[in-house]
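Text of target.txt (compact mmCIF, N, CA and C atoms) as supplied:
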```
# COMPACT_ATOMS: atom_id res chain seq x y z
N MET A 1 -18.63 1.54 -26.14
CA MET A 1 -17.34 2.11 -26.49
C MET A 1 -16.66 2.60 -25.21
N ALA A 2 -15.41 2.25 -25.04
CA ALA A 2 -14.65 2.66 -23.87
C ALA A 2 -14.43 4.17 -23.89
N LEU A 3 -14.19 4.71 -22.73
CA LEU A 3 -14.02 6.16 -22.59
C LEU A 3 -12.86 6.68 -23.43
N LEU A 4 -11.73 5.98 -23.40
CA LEU A 4 -10.57 6.41 -24.18
C LEU A 4 -10.87 6.39 -25.68
N GLU A 5 -11.55 5.36 -26.13
CA GLU A 5 -11.91 5.27 -27.55
C GLU A 5 -12.87 6.40 -27.95
N GLN A 6 -13.80 6.72 -27.07
CA GLN A 6 -14.74 7.81 -27.33
C GLN A 6 -14.00 9.15 -27.43
N LEU A 7 -13.06 9.36 -26.52
CA LEU A 7 -12.28 10.60 -26.54
C LEU A 7 -11.46 10.71 -27.82
N GLN A 8 -10.87 9.60 -28.23
CA GLN A 8 -10.05 9.61 -29.45
C GLN A 8 -10.91 9.86 -30.69
N ALA A 9 -12.09 9.26 -30.73
CA ALA A 9 -12.99 9.48 -31.87
C ALA A 9 -13.44 10.94 -31.92
N ASP A 10 -13.75 11.51 -30.76
CA ASP A 10 -14.16 12.91 -30.72
C ASP A 10 -13.01 13.84 -31.07
N MET A 11 -11.79 13.44 -30.73
CA MET A 11 -10.62 14.24 -31.08
C MET A 11 -10.45 14.29 -32.60
N LYS A 12 -10.66 13.16 -33.26
CA LYS A 12 -10.56 13.12 -34.72
C LYS A 12 -11.60 14.03 -35.35
N GLN A 13 -12.83 14.01 -34.81
CA GLN A 13 -13.88 14.87 -35.33
C GLN A 13 -13.53 16.35 -35.12
N ALA A 14 -12.96 16.67 -33.98
CA ALA A 14 -12.58 18.05 -33.70
C ALA A 14 -11.46 18.51 -34.63
N MET A 15 -10.55 17.59 -34.96
CA MET A 15 -9.48 17.92 -35.91
C MET A 15 -10.07 18.25 -37.28
N LYS A 16 -10.97 17.39 -37.73
CA LYS A 16 -11.59 17.59 -39.05
C LYS A 16 -12.40 18.88 -39.10
N ALA A 17 -13.05 19.21 -37.98
CA ALA A 17 -13.90 20.40 -37.94
C ALA A 17 -13.10 21.68 -37.66
N GLY A 18 -11.84 21.53 -37.28
CA GLY A 18 -11.00 22.69 -37.00
C GLY A 18 -11.33 23.38 -35.68
N GLU A 19 -11.85 22.64 -34.73
CA GLU A 19 -12.20 23.19 -33.42
C GLU A 19 -10.97 23.12 -32.50
N LYS A 20 -10.16 24.16 -32.52
CA LYS A 20 -8.89 24.14 -31.79
C LYS A 20 -9.07 24.08 -30.28
N GLN A 21 -10.01 24.84 -29.75
CA GLN A 21 -10.24 24.85 -28.30
C GLN A 21 -10.66 23.46 -27.82
N LYS A 22 -11.63 22.86 -28.51
CA LYS A 22 -12.12 21.53 -28.14
C LYS A 22 -11.02 20.49 -28.32
N LEU A 23 -10.24 20.63 -29.36
CA LEU A 23 -9.15 19.69 -29.63
C LEU A 23 -8.14 19.70 -28.49
N GLY A 24 -7.79 20.89 -28.02
CA GLY A 24 -6.84 21.00 -26.91
C GLY A 24 -7.35 20.34 -25.64
N VAL A 25 -8.63 20.55 -25.36
CA VAL A 25 -9.24 19.95 -24.16
C VAL A 25 -9.27 18.43 -24.30
N LEU A 26 -9.66 17.94 -25.46
CA LEU A 26 -9.72 16.49 -25.66
C LEU A 26 -8.34 15.86 -25.53
N ARG A 27 -7.33 16.52 -26.00
CA ARG A 27 -5.96 15.99 -25.85
C ARG A 27 -5.58 15.89 -24.37
N MET A 28 -5.98 16.90 -23.60
CA MET A 28 -5.69 16.86 -22.16
C MET A 28 -6.45 15.71 -21.49
N LEU A 29 -7.70 15.50 -21.89
CA LEU A 29 -8.49 14.41 -21.30
C LEU A 29 -7.90 13.05 -21.64
N ILE A 30 -7.47 12.89 -22.88
CA ILE A 30 -6.84 11.64 -23.30
C ILE A 30 -5.56 11.42 -22.48
N ASN A 31 -4.80 12.46 -22.30
CA ASN A 31 -3.57 12.38 -21.52
C ASN A 31 -3.88 11.96 -20.08
N GLU A 32 -4.92 12.53 -19.49
CA GLU A 32 -5.30 12.17 -18.11
C GLU A 32 -5.67 10.69 -18.02
N VAL A 33 -6.44 10.21 -18.97
CA VAL A 33 -6.88 8.81 -18.96
C VAL A 33 -5.69 7.88 -19.14
N GLN A 34 -4.80 8.22 -20.07
CA GLN A 34 -3.65 7.36 -20.32
C GLN A 34 -2.67 7.36 -19.16
N ASN A 35 -2.53 8.48 -18.47
CA ASN A 35 -1.59 8.57 -17.36
C ASN A 35 -2.16 8.01 -16.06
N ALA A 36 -3.41 7.63 -16.05
CA ALA A 36 -4.01 7.05 -14.84
C ALA A 36 -3.29 5.77 -14.43
N ASP A 37 -2.78 5.02 -15.41
CA ASP A 37 -2.06 3.78 -15.11
C ASP A 37 -0.76 4.03 -14.36
N LEU A 38 -0.20 5.21 -14.51
CA LEU A 38 1.07 5.53 -13.88
C LEU A 38 0.93 5.93 -12.41
N GLN A 39 -0.28 6.23 -11.99
CA GLN A 39 -0.51 6.66 -10.62
C GLN A 39 -0.54 5.47 -9.68
N ALA A 40 -0.12 5.69 -8.45
CA ALA A 40 -0.04 4.61 -7.48
C ALA A 40 -1.42 4.04 -7.13
N SER A 41 -2.45 4.90 -7.11
CA SER A 41 -3.78 4.43 -6.71
C SER A 41 -4.53 3.72 -7.84
N LYS A 42 -4.01 3.76 -9.06
CA LYS A 42 -4.61 3.11 -10.23
C LYS A 42 -6.09 3.46 -10.39
N PRO A 43 -6.41 4.76 -10.59
CA PRO A 43 -7.81 5.13 -10.76
C PRO A 43 -8.35 4.63 -12.10
N THR A 44 -9.66 4.50 -12.17
CA THR A 44 -10.31 4.15 -13.43
C THR A 44 -10.27 5.39 -14.33
N PRO A 45 -10.49 5.23 -15.63
CA PRO A 45 -10.53 6.41 -16.50
C PRO A 45 -11.57 7.44 -16.05
N GLN A 46 -12.70 6.96 -15.57
CA GLN A 46 -13.74 7.87 -15.08
C GLN A 46 -13.24 8.65 -13.86
N GLN A 47 -12.58 7.97 -12.94
CA GLN A 47 -12.06 8.64 -11.75
C GLN A 47 -10.99 9.65 -12.12
N ALA A 48 -10.18 9.34 -13.14
CA ALA A 48 -9.15 10.27 -13.59
C ALA A 48 -9.79 11.54 -14.14
N LEU A 49 -10.87 11.40 -14.90
CA LEU A 49 -11.55 12.58 -15.44
C LEU A 49 -12.26 13.36 -14.34
N GLU A 50 -12.80 12.67 -13.34
CA GLU A 50 -13.44 13.36 -12.22
C GLU A 50 -12.41 14.19 -11.46
N ALA A 51 -11.23 13.63 -11.25
CA ALA A 51 -10.17 14.37 -10.56
C ALA A 51 -9.73 15.57 -11.37
N TYR A 52 -9.65 15.39 -12.69
CA TYR A 52 -9.26 16.50 -13.57
C TYR A 52 -10.31 17.61 -13.52
N ALA A 53 -11.59 17.24 -13.56
CA ALA A 53 -12.66 18.24 -13.48
C ALA A 53 -12.62 18.98 -12.15
N LYS A 54 -12.30 18.27 -11.09
CA LYS A 54 -12.21 18.89 -9.78
C LYS A 54 -11.07 19.92 -9.75
N ARG A 55 -9.94 19.57 -10.36
CA ARG A 55 -8.81 20.51 -10.43
C ARG A 55 -9.18 21.74 -11.25
N LEU A 56 -9.92 21.52 -12.35
CA LEU A 56 -10.34 22.65 -13.18
C LEU A 56 -11.26 23.59 -12.40
N LYS A 57 -12.18 23.02 -11.63
CA LYS A 57 -13.10 23.84 -10.83
C LYS A 57 -12.33 24.66 -9.80
N LYS A 58 -11.35 24.03 -9.20
CA LYS A 58 -10.53 24.74 -8.20
C LYS A 58 -9.77 25.88 -8.86
N ASN A 59 -9.21 25.64 -10.03
CA ASN A 59 -8.51 26.69 -10.77
C ASN A 59 -9.45 27.82 -11.17
N ALA A 60 -10.65 27.46 -11.61
CA ALA A 60 -11.64 28.48 -12.00
C ALA A 60 -12.01 29.35 -10.81
N ASP A 61 -12.16 28.73 -9.65
CA ASP A 61 -12.48 29.50 -8.44
C ASP A 61 -11.35 30.47 -8.09
N GLU A 62 -10.11 30.00 -8.25
CA GLU A 62 -8.95 30.87 -7.97
C GLU A 62 -8.90 32.05 -8.94
N PHE A 63 -9.09 31.78 -10.22
CA PHE A 63 -9.07 32.86 -11.21
C PHE A 63 -10.23 33.83 -10.98
N ASP A 64 -11.37 33.29 -10.56
CA ASP A 64 -12.52 34.15 -10.27
C ASP A 64 -12.20 35.04 -9.07
N ARG A 65 -11.54 34.49 -8.09
CA ARG A 65 -11.19 35.24 -6.88
C ARG A 65 -10.25 36.41 -7.18
N ILE A 66 -9.33 36.21 -8.13
CA ILE A 66 -8.38 37.29 -8.45
C ILE A 66 -8.85 38.17 -9.60
N GLY A 67 -10.04 37.88 -10.12
CA GLY A 67 -10.64 38.75 -11.11
C GLY A 67 -10.21 38.53 -12.55
N ARG A 68 -9.87 37.32 -12.93
CA ARG A 68 -9.48 37.01 -14.31
C ARG A 68 -10.64 36.34 -15.02
N ALA A 69 -11.61 37.14 -15.43
CA ALA A 69 -12.84 36.62 -16.02
C ALA A 69 -12.59 35.86 -17.32
N ASP A 70 -11.61 36.29 -18.11
CA ASP A 70 -11.33 35.60 -19.37
C ASP A 70 -10.86 34.17 -19.13
N GLU A 71 -10.02 33.99 -18.12
CA GLU A 71 -9.54 32.64 -17.80
C GLU A 71 -10.66 31.79 -17.21
N VAL A 72 -11.52 32.41 -16.43
CA VAL A 72 -12.63 31.69 -15.82
C VAL A 72 -13.56 31.15 -16.91
N SER A 73 -13.85 31.96 -17.92
CA SER A 73 -14.76 31.51 -18.98
C SER A 73 -14.15 30.35 -19.77
N LYS A 74 -12.84 30.40 -20.02
CA LYS A 74 -12.18 29.29 -20.71
C LYS A 74 -12.25 28.00 -19.88
N LEU A 75 -12.00 28.15 -18.57
CA LEU A 75 -12.03 26.98 -17.71
C LEU A 75 -13.45 26.41 -17.57
N ARG A 76 -14.44 27.27 -17.55
CA ARG A 76 -15.84 26.80 -17.47
C ARG A 76 -16.20 25.98 -18.72
N GLU A 77 -15.74 26.43 -19.88
CA GLU A 77 -15.98 25.67 -21.11
C GLU A 77 -15.29 24.30 -21.03
N GLU A 78 -14.08 24.30 -20.51
CA GLU A 78 -13.32 23.05 -20.38
C GLU A 78 -14.00 22.11 -19.37
N ILE A 79 -14.52 22.68 -18.29
CA ILE A 79 -15.23 21.88 -17.29
C ILE A 79 -16.48 21.26 -17.91
N THR A 80 -17.21 22.05 -18.67
CA THR A 80 -18.43 21.55 -19.32
C THR A 80 -18.12 20.39 -20.25
N LEU A 81 -17.08 20.53 -21.05
CA LEU A 81 -16.70 19.46 -21.97
C LEU A 81 -16.25 18.22 -21.20
N THR A 82 -15.47 18.41 -20.15
CA THR A 82 -14.98 17.28 -19.35
C THR A 82 -16.15 16.55 -18.70
N GLU A 83 -17.10 17.29 -18.15
CA GLU A 83 -18.23 16.66 -17.47
C GLU A 83 -19.18 15.95 -18.44
N SER A 84 -19.11 16.31 -19.72
CA SER A 84 -19.96 15.63 -20.70
C SER A 84 -19.53 14.17 -20.89
N TYR A 85 -18.31 13.83 -20.51
CA TYR A 85 -17.82 12.46 -20.62
C TYR A 85 -18.01 11.66 -19.33
N LEU A 86 -18.53 12.32 -18.30
CA LEU A 86 -18.75 11.66 -17.03
C LEU A 86 -20.24 11.32 -16.88
N PRO A 87 -20.55 10.25 -16.16
CA PRO A 87 -21.97 9.95 -15.93
C PRO A 87 -22.60 11.05 -15.09
N LYS A 88 -23.87 11.30 -15.32
CA LYS A 88 -24.58 12.34 -14.59
C LYS A 88 -24.80 11.91 -13.14
N LYS A 89 -24.60 12.84 -12.23
CA LYS A 89 -24.83 12.59 -10.81
C LYS A 89 -26.33 12.70 -10.53
N LEU A 90 -26.77 11.98 -9.53
CA LEU A 90 -28.18 12.03 -9.15
C LEU A 90 -28.50 13.38 -8.51
N GLY A 91 -29.73 13.81 -8.67
CA GLY A 91 -30.19 15.05 -8.08
C GLY A 91 -30.45 14.90 -6.59
N ARG A 92 -30.89 15.97 -5.98
CA ARG A 92 -31.12 15.99 -4.53
C ARG A 92 -32.18 14.97 -4.11
N ASP A 93 -33.28 14.90 -4.83
CA ASP A 93 -34.37 13.98 -4.46
C ASP A 93 -33.93 12.53 -4.56
N GLU A 94 -33.28 12.18 -5.67
CA GLU A 94 -32.81 10.80 -5.85
C GLU A 94 -31.74 10.45 -4.81
N THR A 95 -30.87 11.43 -4.50
CA THR A 95 -29.84 11.20 -3.50
C THR A 95 -30.47 10.94 -2.14
N GLU A 96 -31.50 11.70 -1.81
CA GLU A 96 -32.18 11.52 -0.53
C GLU A 96 -32.84 10.14 -0.45
N GLN A 97 -33.39 9.67 -1.56
CA GLN A 97 -33.99 8.34 -1.58
C GLN A 97 -32.93 7.26 -1.36
N ARG A 98 -31.78 7.43 -1.99
CA ARG A 98 -30.69 6.46 -1.81
C ARG A 98 -30.19 6.46 -0.37
N ILE A 99 -30.12 7.65 0.24
CA ILE A 99 -29.66 7.74 1.63
C ILE A 99 -30.67 7.07 2.56
N ASP A 100 -31.96 7.29 2.32
CA ASP A 100 -32.99 6.65 3.14
C ASP A 100 -32.89 5.13 3.06
N ALA A 101 -32.73 4.61 1.85
CA ALA A 101 -32.59 3.17 1.67
C ALA A 101 -31.31 2.65 2.33
N PHE A 102 -30.25 3.42 2.22
CA PHE A 102 -28.97 3.04 2.82
C PHE A 102 -29.09 2.97 4.33
N LEU A 103 -29.73 3.98 4.93
CA LEU A 103 -29.86 4.02 6.38
C LEU A 103 -30.84 2.96 6.88
N ALA A 104 -31.81 2.57 6.05
CA ALA A 104 -32.74 1.50 6.44
C ALA A 104 -32.01 0.16 6.50
N ALA A 105 -31.00 -0.01 5.66
CA ALA A 105 -30.26 -1.27 5.62
C ALA A 105 -29.07 -1.29 6.58
N ASN A 106 -28.63 -0.12 7.03
CA ASN A 106 -27.46 -0.02 7.90
C ASN A 106 -27.80 0.82 9.13
N THR A 107 -27.07 0.56 10.21
CA THR A 107 -27.27 1.36 11.41
C THR A 107 -25.98 2.10 11.73
N PHE A 108 -26.05 3.42 11.66
CA PHE A 108 -24.94 4.28 12.00
C PHE A 108 -25.43 5.33 12.98
N THR A 109 -24.53 5.76 13.86
CA THR A 109 -24.87 6.85 14.78
C THR A 109 -24.34 8.15 14.19
N GLU A 110 -24.70 9.25 14.83
CA GLU A 110 -24.25 10.56 14.37
C GLU A 110 -22.72 10.68 14.44
N LYS A 111 -22.13 10.02 15.43
CA LYS A 111 -20.68 10.06 15.59
C LYS A 111 -19.95 9.24 14.53
N GLN A 112 -20.66 8.36 13.87
CA GLN A 112 -20.08 7.51 12.83
C GLN A 112 -20.33 8.08 11.44
N PHE A 113 -20.48 9.39 11.35
CA PHE A 113 -20.79 10.03 10.08
C PHE A 113 -19.74 9.70 9.01
N GLY A 114 -18.47 9.78 9.37
CA GLY A 114 -17.40 9.52 8.39
C GLY A 114 -17.48 8.12 7.82
N GLN A 115 -17.71 7.14 8.69
CA GLN A 115 -17.84 5.76 8.24
C GLN A 115 -19.08 5.59 7.37
N ALA A 116 -20.17 6.23 7.77
CA ALA A 116 -21.41 6.13 7.01
C ALA A 116 -21.24 6.76 5.64
N MET A 117 -20.60 7.91 5.57
CA MET A 117 -20.39 8.60 4.29
C MET A 117 -19.53 7.75 3.37
N GLY A 118 -18.47 7.18 3.92
CA GLY A 118 -17.60 6.31 3.12
C GLY A 118 -18.34 5.10 2.58
N ALA A 119 -19.14 4.48 3.43
CA ALA A 119 -19.90 3.31 3.01
C ALA A 119 -20.96 3.68 1.97
N LEU A 120 -21.59 4.84 2.15
CA LEU A 120 -22.61 5.30 1.20
C LEU A 120 -21.99 5.54 -0.17
N MET A 121 -20.88 6.24 -0.21
CA MET A 121 -20.22 6.54 -1.48
C MET A 121 -19.70 5.27 -2.14
N LYS A 122 -19.27 4.31 -1.33
CA LYS A 122 -18.79 3.04 -1.88
C LYS A 122 -19.95 2.20 -2.41
N ALA A 123 -21.11 2.32 -1.78
CA ALA A 123 -22.28 1.57 -2.22
C ALA A 123 -22.86 2.13 -3.53
N HIS A 124 -22.62 3.40 -3.79
CA HIS A 124 -23.14 4.04 -5.00
C HIS A 124 -22.01 4.76 -5.74
N PRO A 125 -21.06 4.01 -6.28
CA PRO A 125 -19.90 4.65 -6.92
C PRO A 125 -20.28 5.45 -8.16
N GLY A 126 -19.86 6.70 -8.18
CA GLY A 126 -20.07 7.54 -9.34
C GLY A 126 -21.49 8.08 -9.50
N GLU A 127 -22.42 7.66 -8.65
CA GLU A 127 -23.81 8.09 -8.79
C GLU A 127 -24.10 9.34 -7.98
N LEU A 128 -23.51 9.43 -6.79
CA LEU A 128 -23.85 10.50 -5.86
C LEU A 128 -22.80 11.60 -5.88
N ASP A 129 -23.28 12.83 -5.74
CA ASP A 129 -22.40 13.97 -5.58
C ASP A 129 -22.16 14.14 -4.08
N ALA A 130 -20.93 14.04 -3.64
CA ALA A 130 -20.62 14.10 -2.22
C ALA A 130 -21.06 15.42 -1.60
N ALA A 131 -21.00 16.50 -2.36
CA ALA A 131 -21.42 17.80 -1.84
C ALA A 131 -22.91 17.84 -1.55
N VAL A 132 -23.69 17.04 -2.24
CA VAL A 132 -25.13 16.97 -2.00
C VAL A 132 -25.43 15.93 -0.92
N ALA A 133 -24.76 14.80 -0.99
CA ALA A 133 -25.04 13.69 -0.08
C ALA A 133 -24.60 13.97 1.35
N SER A 134 -23.49 14.66 1.53
CA SER A 134 -22.94 14.88 2.86
C SER A 134 -23.90 15.61 3.80
N PRO A 135 -24.42 16.78 3.43
CA PRO A 135 -25.33 17.45 4.37
C PRO A 135 -26.64 16.67 4.59
N LEU A 136 -27.11 15.97 3.56
CA LEU A 136 -28.33 15.18 3.72
C LEU A 136 -28.10 14.04 4.72
N LEU A 137 -26.99 13.34 4.56
CA LEU A 137 -26.68 12.23 5.47
C LEU A 137 -26.47 12.74 6.87
N LYS A 138 -25.77 13.84 7.01
CA LYS A 138 -25.52 14.41 8.34
C LYS A 138 -26.82 14.77 9.03
N ALA A 139 -27.76 15.36 8.31
CA ALA A 139 -29.06 15.73 8.87
C ALA A 139 -29.86 14.48 9.26
N LYS A 140 -29.81 13.47 8.42
CA LYS A 140 -30.57 12.24 8.70
C LYS A 140 -30.00 11.53 9.93
N LEU A 141 -28.67 11.51 10.06
CA LEU A 141 -28.05 10.86 11.23
C LEU A 141 -28.33 11.64 12.50
N ALA A 142 -28.47 12.95 12.39
CA ALA A 142 -28.77 13.79 13.55
C ALA A 142 -30.24 13.70 13.92
N GLY A 143 -31.04 13.10 13.04
CA GLY A 143 -32.46 12.93 13.32
C GLY A 143 -33.31 14.14 12.96
N LYS A 144 -32.79 15.00 12.10
CA LYS A 144 -33.53 16.21 11.72
C LYS A 144 -34.40 15.95 10.53
```

As structure tokens, how would this structure be written, given the file I've shared?
Amino acid sequence: MALLEQLQADMKQAMKAGEKQKLGVLRMLINEVQNADLQASKPTPQQALEAYAKRLKKNADEFDRIGRADEVSKLREEITLTESYLPKKLGRDETEQRIDAFLAANTFTEKQFGQAMGALMKAHPGELDAAVASPLLKAKLAGK
């Protein structure tokens, strides 16, 4: 089942169950997926949801910084629901294994970190969390 179809089916279930909070979030997710076609970069539905989750996290951090705990809790619930529609990212150990295999097949220097990171993320689309992979790759290129 395609992501948009899954979101629409879940929206119908939320309507029937009277879950207003979940319904509102699902409508926003459907809107993000449908509007992805209008963007110049033409992201996939998955990429559109990842970008939306990233914006939500940034907003939650801002609300946390200014002390709006009620807004932060709402955003955390929305982030959790959004991430449930995204594929799970690999953990630290699996990421390290992928980086080792990547570096065995490719030769990059420490100064070519940006190119290596780009190639790594392109080789494993949607699997790796850049926040986990970046320091691991940097350490491996530095020889640590």

Alpha helix (DSSP H) residues, from DSSP on the backbone, in chain A, as a count of residues only: 105

Gap from CA of Ile79 (chain A) to CA of Gly114 (chain A) - Å, one decimal: 28.6 Å

Atomic separation - CA of Ala130 (chain A) relative to CA of Gln39 (chain A), Å: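 For CA of Gln39 (chain A) relative to CA of Ala130 (chain A), the distance reads 23.0 Å.
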
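Using only N, CA and C atoms, the nearest neighbour of Thr95 (chain A) within the list A:Gln21, A:Leu136, A:Pro43, A:Lys74 is A:Leu136.
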
Separation of CA of Lys88 (chain A) from CA of Glu127 (chain A), in Å and rounded to one decimal: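 Computing it gives 7.2 Å between the two atoms.
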
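Of the listed residues A:Met117, A:Ala53, A:Met11, A:Ala139, the one whose atoms come nearest to Leu26 (chain A) is A:Met11, with distances taken using all atoms listed in the file.
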
Pick from A:Ala17, A:Ile30, A:Ala69, A:Ala105 nearest to Ala2 (chain A), counting only C-alpha atoms: A:Ile30

Could you give me, as a short mmCIF file (atom, residue, chain, number, x, y, z; two decimals) with N, CA and C atoms, keeping the file's coordinate frame, the residues within 8 Å of Gln46 (chain A), counting all atoms listed in the file and dropping anything in the same chain fewer than 4 positions from it?
```
data_model
loop_
_atom_site.label_atom_id
_atom_site.label_comp_id
_atom_site.auth_asym_id
_atom_site.auth_seq_id
_atom_site.Cartn_x
_atom_site.Cartn_y
_atom_site.Cartn_z
N LEU A 3 -14.19 4.71 -22.73
CA LEU A 3 -14.02 6.16 -22.59
C LEU A 3 -12.86 6.68 -23.43
N LEU A 4 -11.73 5.98 -23.40
CA LEU A 4 -10.57 6.41 -24.18
C LEU A 4 -10.87 6.39 -25.68
N VAL A 33 -6.44 10.21 -18.97
CA VAL A 33 -6.88 8.81 -18.96
C VAL A 33 -5.69 7.88 -19.14
N GLU A 50 -12.80 12.67 -13.34
CA GLU A 50 -13.44 13.36 -12.22
C GLU A 50 -12.41 14.19 -11.46
N ALA A 51 -11.23 13.63 -11.25
CA ALA A 51 -10.17 14.37 -10.56
C ALA A 51 -9.73 15.57 -11.37
N TYR A 52 -9.65 15.39 -12.69
CA TYR A 52 -9.26 16.50 -13.57
C TYR A 52 -10.31 17.61 -13.52
N TYR A 85 -18.31 13.83 -20.51
CA TYR A 85 -17.82 12.46 -20.62
C TYR A 85 -18.01 11.66 -19.33
N LEU A 86 -18.53 12.32 -18.30
CA LEU A 86 -18.75 11.66 -17.03
C LEU A 86 -20.24 11.32 -16.88
N PRO A 87 -20.55 10.25 -16.16
CA PRO A 87 -21.97 9.95 -15.93
C PRO A 87 -22.60 11.05 -15.09
#
```

Non-local contacts of Asn59 (chain A) (7 Å; all atoms listed in the file; under 5 positions in same chain excluded) as a ChimeraX atom specification: /A:54,64,72

Nearest candidate to Leu81 (chain A) (options A:Lys12, A:Arg98, A:Lys22, A:Lys122; using only N, CA and C atoms):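 Closest to Leu81 (chain A), using only N, CA and C atoms: A:Lys22.
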
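Comparing the minimum interatomic distances between Gln6 (chain A) and each of A:Pro45, A:Gly118, A:Gly24, A:Gly67, counting only C-alpha atoms, we find that A:Pro45 sits nearest.
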
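Residue nearest Ala142 (chain A), chosen from A:Met121, A:Asp100, A:Asp129, A:Thr109 and counting only C-alpha atoms: A:Thr109.
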
Residues within 12 Å of Ala101 (chain A), only C-alpha atoms, excluding chain neighbours under 3 positions, as a PyMOL selection string: chain A and resi 94-98+104-107+120+123-124+137+140

Return the padded bounding box of region 90-94 of chain A as lines of an AutoDock Vina configuration file: axis-aligned, built from all atoms listed in the file, 6 Å added on each side, with centre and edge lengths in Å to one decimal.
```
center_x = -30.6
center_y = 13.2
center_z = -6.8
size_x = 19.6
size_y = 17.5
size_z = 17.4
```

Kindly write region 101-112 of chain A with N, CA, C and O atoms to a file, as an mmCIF file, in the first residue's frame.
```cif
data_model
loop_
_atom_site.group_PDB
_atom_site.id
_atom_site.type_symbol
_atom_site.label_atom_id
_atom_site.label_comp_id
_atom_site.auth_asym_id
_atom_site.auth_seq_id
_atom_site.Cartn_x
_atom_site.Cartn_y
_atom_site.Cartn_z
ATOM 1 N N ALA A 101 31.865 -1.097 5.448
ATOM 2 C CA ALA A 101 31.732 -1.690 4.113
ATOM 3 C C ALA A 101 31.884 -0.623 3.029
ATOM 4 O O ALA A 101 32.521 -0.864 1.993
ATOM 5 N N PHE A 102 31.329 0.547 3.278
ATOM 6 C CA PHE A 102 31.418 1.649 2.314
ATOM 7 C C PHE A 102 32.864 2.080 2.127
ATOM 8 O O PHE A 102 33.327 2.276 1.003
ATOM 9 N N LEU A 103 33.596 2.218 3.234
ATOM 10 C CA LEU A 103 34.989 2.661 3.149
ATOM 11 C C LEU A 103 35.888 1.575 2.561
ATOM 12 O O LEU A 103 36.915 1.889 1.949
ATOM 13 N N ALA A 104 35.513 0.306 2.723
ATOM 14 C CA ALA A 104 36.287 -0.783 2.110
ATOM 15 C C ALA A 104 36.149 -0.750 0.593
ATOM 16 O O ALA A 104 37.088 -1.097 -0.132
ATOM 17 N N ALA A 105 34.997 -0.306 0.114
ATOM 18 C CA ALA A 105 34.752 -0.264 -1.327
ATOM 19 C C ALA A 105 35.187 1.050 -1.964
ATOM 20 O O ALA A 105 35.345 1.130 -3.184
ATOM 21 N N ASN A 106 35.364 2.092 -1.161
ATOM 22 C CA ASN A 106 35.712 3.416 -1.675
ATOM 23 C C ASN A 106 36.923 3.954 -0.924
ATOM 24 O O ASN A 106 37.162 3.593 0.222
ATOM 25 N N THR A 107 37.654 4.837 -1.596
ATOM 26 C CA THR A 107 38.796 5.470 -0.931
ATOM 27 C C THR A 107 38.552 6.969 -0.855
ATOM 28 O O THR A 107 38.434 7.646 -1.871
ATOM 29 N N PHE A 108 38.437 7.461 0.369
ATOM 30 C CA PHE A 108 38.272 8.880 0.622
ATOM 31 C C PHE A 108 39.303 9.300 1.656
ATOM 32 O O PHE A 108 39.671 8.506 2.529
ATOM 33 N N THR A 109 39.750 10.546 1.557
ATOM 34 C CA THR A 109 40.654 11.082 2.567
ATOM 35 C C THR A 109 39.838 11.873 3.580
ATOM 36 O O THR A 109 38.647 12.123 3.376
ATOM 37 N N GLU A 110 40.496 12.293 4.642
ATOM 38 C CA GLU A 110 39.821 13.070 5.680
ATOM 39 C C GLU A 110 39.301 14.397 5.120
ATOM 40 O O GLU A 110 38.253 14.883 5.523
ATOM 41 N N LYS A 111 40.026 14.955 4.163
ATOM 42 C CA LYS A 111 39.611 16.227 3.564
ATOM 43 C C LYS A 111 38.405 16.068 2.642
ATOM 44 O O LYS A 111 37.743 17.032 2.328
ATOM 45 N N GLN A 112 38.122 14.862 2.230
ATOM 46 C CA GLN A 112 36.992 14.588 1.346
ATOM 47 C C GLN A 112 35.773 14.119 2.131
ATOM 48 O O GLN A 112 34.918 13.418 1.603
#
```
